[in-house]
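First comes the structure, then the notes that go with it.
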Amino acid sequence: MSLALLPNPLLAGFTGAFEFIFSKQESSVTGGNKVGGIEQVLELAWTQVELSLLALLLAMLIAIPAGLYFGHRGKGELVAVGIGNAGRAIPELAAIVLVATVIGVGFPVLVLVLALLGIPPILTNTFVGVTQVDRASVDASRGVGMTEPQIIRKVELPLAVPSIMTGIRGATVNIVATATIAPLAGVLTLGDFILGENVYGVNGVLAGAICTAILALIFEFALAGLQRRLTSKGLRLQQAQ
Amino acid sequence: MRFNHKKPLMALVMLIAALALAVGISACGGGSSSSSSESTEAESAPAEETETGEETSEEEPAEEGEEPELVKGEAITKNPENAKVSLTIGSKNFPEQEILGEIYAQALAAAGYKAKSDLSLGSETVALKTLKSGQISGYPEYASTALTSFFGLEPEEVPSDATEAWEKANAEFEKEGLEAFEPTPFASANAVGLLKSTAEKYDLKTVSDLEGVSEKLSLYGSPECRQRIDCLAGLEKLYGLKFKEFKPVDISLRYTVLEKGQADLSILFTTDPQLAAEKEKFVILEDDKHVFPAGNIIFVTQKKVAEEAGPDYEKTILNVQKGLTLPVMQELDARVELEKETPKAAAAAYLEAAGYVE
């Protein structure tokens, strides 16, 4: 493998993990069945993508309208920021076990729990983004006869896009990374490699971590691209100066 | 959309706030322990029997009345010469292991060693690695796990006789500069567990009885169970069973999923206190084809450490584990898993009750 030729000695430790990703490996506890390989990696990665996307969508559906509303009114900072900060303090593992005890385990439960993780950064950033919109622009739009919902939709939302997207990107990294604990609540994601050292060995654990990091990066790049497209031209010019 | 729709938006915000608050509060409560469900089991179990209401059921530790008989042990004598030897006792990351690790560590301290515990090391692979690297002096392992996981035996090749299994494992350990002491009286194994009502409905007594009905039943177990030959992989291969679905869950949820009706079958441990305390609720199926080999605990240590520590090391460990019969281990597990005692406190209570320490 070309990677082995790289001079960096750190990479030598990773070759086993890359082998695990691309080809099936022996395992001492499976009674001869091989584990790992690109098929299993892709299957688990896909579940993680589905889970993360749905959770992100749910988080956005809740956090963006709420953030816009609070930001538009210029009130409720305590609530928006309070929820944001309290939300960050929730240990996800505890939340999953708790929700699993009350509701049960499975895909929908995990979407809900992971969405809770995504709400705080989106909510806080949406709120801050809207409150930081130039008041003169808002007053001007009111002056030309825009209704309040129009102001939110046509003035505040576009101007807050960079901040909102920052929140979404932060939430995404959190959600994708935390989706690795899903195998503890009924859904197999790349976390299976990380949690199952007995089955997959150290290389499997490392492979799970590498794949999750790659996944988070892909999301990050995609969202960065999306952010560029969503940011209005005027704003981009302003930022460029 | 006119903006006088303030109420639904406000309601939405309140909902989020309530949700966040609820999770926040509960996260504080359930932070350290992942088995909050089991405490409710403990409380509800006596309530069903006594019918005297909640107050008594909360107060009354079910096990106190029927405390298992303890084999009175030989008191550990302190040897001042041992003070120059430092020992670190490890364990894997679940309650039974932590209790055992504490028992050994406290007993060795009572014998005069400078002993401390380093518990919850993770899976068996991690524990073994830690031992080989010398970061811990020894840790308790199930003989069956050692044979299947470390030395590649098929589950059905694991001897059912405890001494035989120990000898076999010890011979392998010795090749790697390690040594395993003689086994404990109790053995632990995985088992297919289910609600008694389910067992009666399908007339199930052994795992073989699942043939023909397993397609209708869901099985829950730890994530790694899926691929382990001494778990789901073995049930499929050796019994030829196919299940409706297998769902991975955290092992602390193994009884919750049965109670919630999510799982028809769940992988349990034979030393689980729930099996003793709630015989009318949970049952396990007899493993008639030996997919789940029973394992007694063998204390694994580095040979070098054992030599340096002198004869009191092995003597103390063998002495202190004499009282560890199945009912005693279940009682200790119950103290930690159901009554939320720390493994340290449970271990200390055992050493004292059995007369090993004053």
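Residue numbers start at 1 in each chain; chains themselves are named A, B, ... in the order of the structure tokens; ligands are numbered from 1 in the order shown.
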8 Å contact set for Val49 in chain A, only C-alpha atoms, chain neighbours under 4 positions out, as number ranges by chain: A: 45, 53, 176, 215
Enumerate as a PyMOL selection string all residues of range 153-312 of chain B assigned to strand (DSSP E) by DSSP on the backbone, naming them with the chain letters and numbers the document uses. chain B and resi 178-180+187-188+190-195+218-221+245-248+265-269+282-284+295-302
The selected residues should be written to file as an mmCIF file, in the first residue's frame (atoms: C-alpha atoms).
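That gives us out_12.cif:
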data_model
loop_
_atom_site.group_PDB
_atom_site.id
_atom_site.type_symbol
_atom_site.label_atom_id
_atom_site.label_comp_id
_atom_site.auth_asym_id
_atom_site.auth_seq_id
_atom_site.Cartn_x
_atom_site.Cartn_y
_atom_site.Cartn_z
ATOM 1 C CA LEU B 178 1.371 -15.338 33.052
ATOM 2 C CA GLU B 179 -0.212 -17.490 35.675
ATOM 3 C CA ALA B 180 -3.821 -18.166 36.658
ATOM 4 C CA ALA B 187 -19.400 -19.701 37.614
ATOM 5 C CA SER B 188 -20.995 -17.175 35.340
ATOM 6 C CA ASN B 190 -24.342 -15.744 29.247
ATOM 7 C CA ALA B 191 -27.876 -17.004 28.902
ATOM 8 C CA VAL B 192 -30.895 -16.399 26.721
ATOM 9 C CA GLY B 193 -33.389 -14.742 29.053
ATOM 10 C CA LEU B 194 -37.033 -13.889 28.597
ATOM 11 C CA LEU B 195 -40.188 -13.028 30.465
ATOM 12 C CA SER B 218 -36.446 -10.425 18.577
ATOM 13 C CA LEU B 219 -33.178 -10.847 20.450
ATOM 14 C CA TYR B 220 -31.331 -8.031 22.215
ATOM 15 C CA GLY B 221 -27.750 -8.174 23.407
ATOM 16 C CA GLU B 245 -34.070 -9.306 14.463
ATOM 17 C CA PHE B 246 -31.051 -8.708 16.635
ATOM 18 C CA LYS B 247 -30.777 -5.307 18.277
ATOM 19 C CA PRO B 248 -27.621 -4.132 20.008
ATOM 20 C CA LEU B 265 -35.313 -12.450 24.230
ATOM 21 C CA SER B 266 -32.349 -10.793 25.865
ATOM 22 C CA ILE B 267 -28.837 -11.976 26.654
ATOM 23 C CA LEU B 268 -28.489 -12.109 30.449
ATOM 24 C CA PHE B 269 -25.843 -13.352 32.871
ATOM 25 C CA PHE B 282 -37.610 -13.578 34.324
ATOM 26 C CA VAL B 283 -36.423 -17.020 33.284
ATOM 27 C CA ILE B 284 -33.477 -18.276 31.289
ATOM 28 C CA GLY B 295 -16.770 -19.780 33.461
ATOM 29 C CA ASN B 296 -15.447 -19.684 36.976
ATOM 30 C CA ILE B 297 -13.263 -16.754 37.856
ATOM 31 C CA ILE B 298 -9.542 -17.338 37.710
ATOM 32 C CA PHE B 299 -7.216 -14.637 38.952
ATOM 33 C CA VAL B 300 -4.629 -13.971 36.246
ATOM 34 C CA THR B 301 -1.315 -12.447 37.167
ATOM 35 C CA GLN B 302 2.196 -12.067 35.849
#
Just the residues within 9 Å of Gly101 in chain B, please, counting only C-alpha atoms, with nothing from its chain fewer than 6 positions along; format it as a PyMOL selection string. chain B and resi 89-92+117-119+139-140+343-344+347
Counting only C-alpha atoms, which residues of chain A come no farther than 9 Å from chain B, as a ChimeraX atom specification? /A:28-33,35,62-63,65-66,69,79,83,86-87,89-95,97-106,116,147-150,182-188,192,195-201
Run DSSP on the backbone and tell me which residues of range 76-187 of chain B come out as helix (DSSP H, G or I); list them as a compact mmCIF listing (two decimals) with C-alpha atoms, in the first residue's frame.
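Heads up, here's the output in out00.txt:
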# COMPACT_ATOMS: atom_id res chain seq x y z
CA PRO B 80 4.55 -6.64 57.72
CA GLU B 81 7.11 -7.97 55.26
CA ASN B 82 4.59 -7.60 52.45
CA ALA B 83 4.56 -3.82 52.87
CA LYS B 84 7.43 -3.42 50.44
CA PRO B 95 -20.19 -4.39 38.25
CA GLU B 96 -19.37 -8.06 38.95
CA GLN B 97 -15.80 -7.54 37.80
CA GLU B 98 -15.40 -4.37 39.80
CA ILE B 99 -16.65 -6.09 42.94
CA LEU B 100 -14.19 -8.94 42.43
CA GLY B 101 -11.34 -6.53 41.77
CA GLU B 102 -12.15 -4.71 45.01
CA ILE B 103 -12.41 -7.93 47.00
CA TYR B 104 -8.95 -9.03 45.87
CA ALA B 105 -7.42 -5.59 46.36
CA GLN B 106 -8.85 -5.13 49.84
CA ALA B 107 -7.89 -8.65 50.89
CA LEU B 108 -4.32 -8.12 49.71
CA ALA B 109 -4.20 -4.83 51.58
CA ALA B 110 -5.38 -6.68 54.69
CA GLU B 124 -11.00 -8.46 28.08
CA THR B 125 -8.58 -7.51 25.32
CA VAL B 126 -7.75 -4.25 27.06
CA ALA B 127 -7.49 -5.91 30.47
CA LEU B 128 -5.07 -8.54 29.16
CA LYS B 129 -2.97 -5.94 27.42
CA THR B 130 -2.80 -3.86 30.58
CA LEU B 131 -1.69 -6.94 32.51
CA LYS B 132 0.98 -7.87 29.99
CA ALA B 143 -11.90 -19.19 32.53
CA SER B 144 -14.33 -19.66 29.64
CA THR B 145 -13.67 -16.19 28.26
CA ALA B 146 -9.94 -16.73 28.50
CA LEU B 147 -10.22 -20.00 26.57
CA THR B 148 -12.53 -18.75 23.82
CA SER B 149 -11.37 -15.18 23.49
CA PHE B 150 -7.64 -15.44 24.15
CA PRO B 155 -17.44 -22.68 22.99
CA GLU B 156 -18.28 -26.37 22.98
CA GLU B 157 -14.63 -27.23 23.56
CA ALA B 162 -14.04 -25.87 36.53
CA THR B 163 -10.68 -27.39 37.44
CA GLU B 164 -10.16 -28.78 33.97
CA ALA B 165 -10.97 -25.40 32.38
CA TRP B 166 -8.58 -23.67 34.75
CA GLU B 167 -5.76 -26.13 34.01
CA LYS B 168 -6.25 -25.68 30.31
CA ALA B 169 -6.29 -21.87 30.56
CA ASN B 170 -3.33 -21.83 32.94
CA ALA B 171 -1.23 -23.93 30.56
CA GLU B 172 -1.85 -21.34 27.85
CA PHE B 173 -1.27 -18.39 30.14
CA GLU B 174 2.06 -19.90 31.26
CA LYS B 175 3.35 -19.77 27.70
Do you know which residues are at most 7 Å from Pro121 in chain A counting only C-alpha atoms, after dropping those on the same chain fewer than 6 positions away, and could you put them as a PyMOL selection string? chain A and resi 84+167+170-171
I need the chosen residues saved as an mmCIF file, in the first residue's frame, with N, CA and C atoms.
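Ended up saving to again39.cif:
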data_model
loop_
_atom_site.group_PDB
_atom_site.id
_atom_site.type_symbol
_atom_site.label_atom_id
_atom_site.label_comp_id
_atom_site.auth_asym_id
_atom_site.auth_seq_id
_atom_site.Cartn_x
_atom_site.Cartn_y
_atom_site.Cartn_z
ATOM 1 N N GLY A 84 -29.368 26.906 25.190
ATOM 2 C CA GLY A 84 -28.150 26.557 24.470
ATOM 3 C C GLY A 84 -27.087 26.027 25.395
ATOM 4 N N GLY A 167 -23.668 27.735 13.265
ATOM 5 C CA GLY A 167 -24.347 26.891 14.252
ATOM 6 C C GLY A 167 -24.605 25.502 13.706
ATOM 7 N N GLY A 170 -21.440 23.460 13.481
ATOM 8 C CA GLY A 170 -21.044 22.978 14.812
ATOM 9 C C GLY A 170 -21.907 21.808 15.249
ATOM 10 N N ALA A 171 -23.215 21.953 15.021
ATOM 11 C CA ALA A 171 -24.149 20.894 15.405
ATOM 12 C C ALA A 171 -23.841 19.605 14.646
#
Find the residues around Leu204 in chain B up to 10 Å (only C-alpha atoms counted), leave out those fewer than 4 positions away in its own chain, and share them as number ranges by chain. B: 194, 196, 198-200, 208-211, 213, 283-286
Could you save those same residues with N, CA and C atoms as an mmCIF file, in the first residue's frame?
data_model
loop_
_atom_site.group_PDB
_atom_site.id
_atom_site.type_symbol
_atom_site.label_atom_id
_atom_site.label_comp_id
_atom_site.auth_asym_id
_atom_site.auth_seq_id
_atom_site.Cartn_x
_atom_site.Cartn_y
_atom_site.Cartn_z
ATOM 1 N N LEU B 194 -35.762 -14.386 29.117
ATOM 2 C CA LEU B 194 -37.033 -13.889 28.597
ATOM 3 C C LEU B 194 -38.025 -13.773 29.739
ATOM 4 N N LYS B 196 -41.230 -14.729 31.835
ATOM 5 C CA LYS B 196 -41.830 -16.035 32.071
ATOM 6 C C LYS B 196 -43.073 -16.214 31.204
ATOM 7 N N THR B 198 -43.618 -15.074 28.222
ATOM 8 C CA THR B 198 -43.228 -15.446 26.861
ATOM 9 C C THR B 198 -42.841 -16.918 26.808
ATOM 10 N N ALA B 199 -42.099 -17.347 27.825
ATOM 11 C CA ALA B 199 -41.659 -18.742 27.866
ATOM 12 C C ALA B 199 -42.857 -19.682 27.895
ATOM 13 N N GLU B 200 -43.877 -19.295 28.661
ATOM 14 C CA GLU B 200 -45.062 -20.148 28.759
ATOM 15 C C GLU B 200 -45.869 -20.126 27.465
ATOM 16 N N SER B 208 -32.924 -25.020 22.391
ATOM 17 C CA SER B 208 -33.370 -25.802 21.232
ATOM 18 C C SER B 208 -34.864 -25.636 20.971
ATOM 19 N N ASP B 209 -35.637 -25.386 22.044
ATOM 20 C CA ASP B 209 -37.081 -25.199 21.873
ATOM 21 C C ASP B 209 -37.404 -23.996 20.995
ATOM 22 N N LEU B 210 -36.424 -23.121 20.836
ATOM 23 C CA LEU B 210 -36.659 -21.924 20.023
ATOM 24 C C LEU B 210 -36.822 -22.250 18.541
ATOM 25 N N GLU B 211 -36.399 -23.446 18.182
ATOM 26 C CA GLU B 211 -36.488 -23.830 16.778
ATOM 27 C C GLU B 211 -37.938 -23.706 16.293
ATOM 28 N N VAL B 213 -39.812 -21.096 16.373
ATOM 29 C CA VAL B 213 -40.443 -19.864 16.859
ATOM 30 C C VAL B 213 -39.492 -18.671 16.839
ATOM 31 N N VAL B 283 -36.991 -15.662 33.284
ATOM 32 C CA VAL B 283 -36.423 -17.020 33.284
ATOM 33 C C VAL B 283 -35.341 -17.084 32.203
ATOM 34 N N ILE B 284 -34.476 -18.076 32.333
ATOM 35 C CA ILE B 284 -33.477 -18.276 31.289
ATOM 36 C C ILE B 284 -33.672 -19.661 30.670
ATOM 37 N N LEU B 285 -33.269 -19.797 29.430
ATOM 38 C CA LEU B 285 -33.418 -21.063 28.723
ATOM 39 C C LEU B 285 -32.158 -21.901 28.914
ATOM 40 N N GLU B 286 -32.373 -23.201 29.082
ATOM 41 C CA GLU B 286 -31.228 -24.095 29.268
ATOM 42 C C GLU B 286 -30.427 -24.180 27.971
#
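When CA of Ile152 in chain A is paired with CA of Thr172 in chain A, their separation reads 24.5 Å.
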Residues near Gly76 in chain A, anyone? I mean within 10 Å using only C-alpha atoms, not counting same-chain ones fewer than 6 positions away, as a list in words.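 Selected residues are Gly67, Tyr69, Phe70, Gly82 and Phe127 of chain A.
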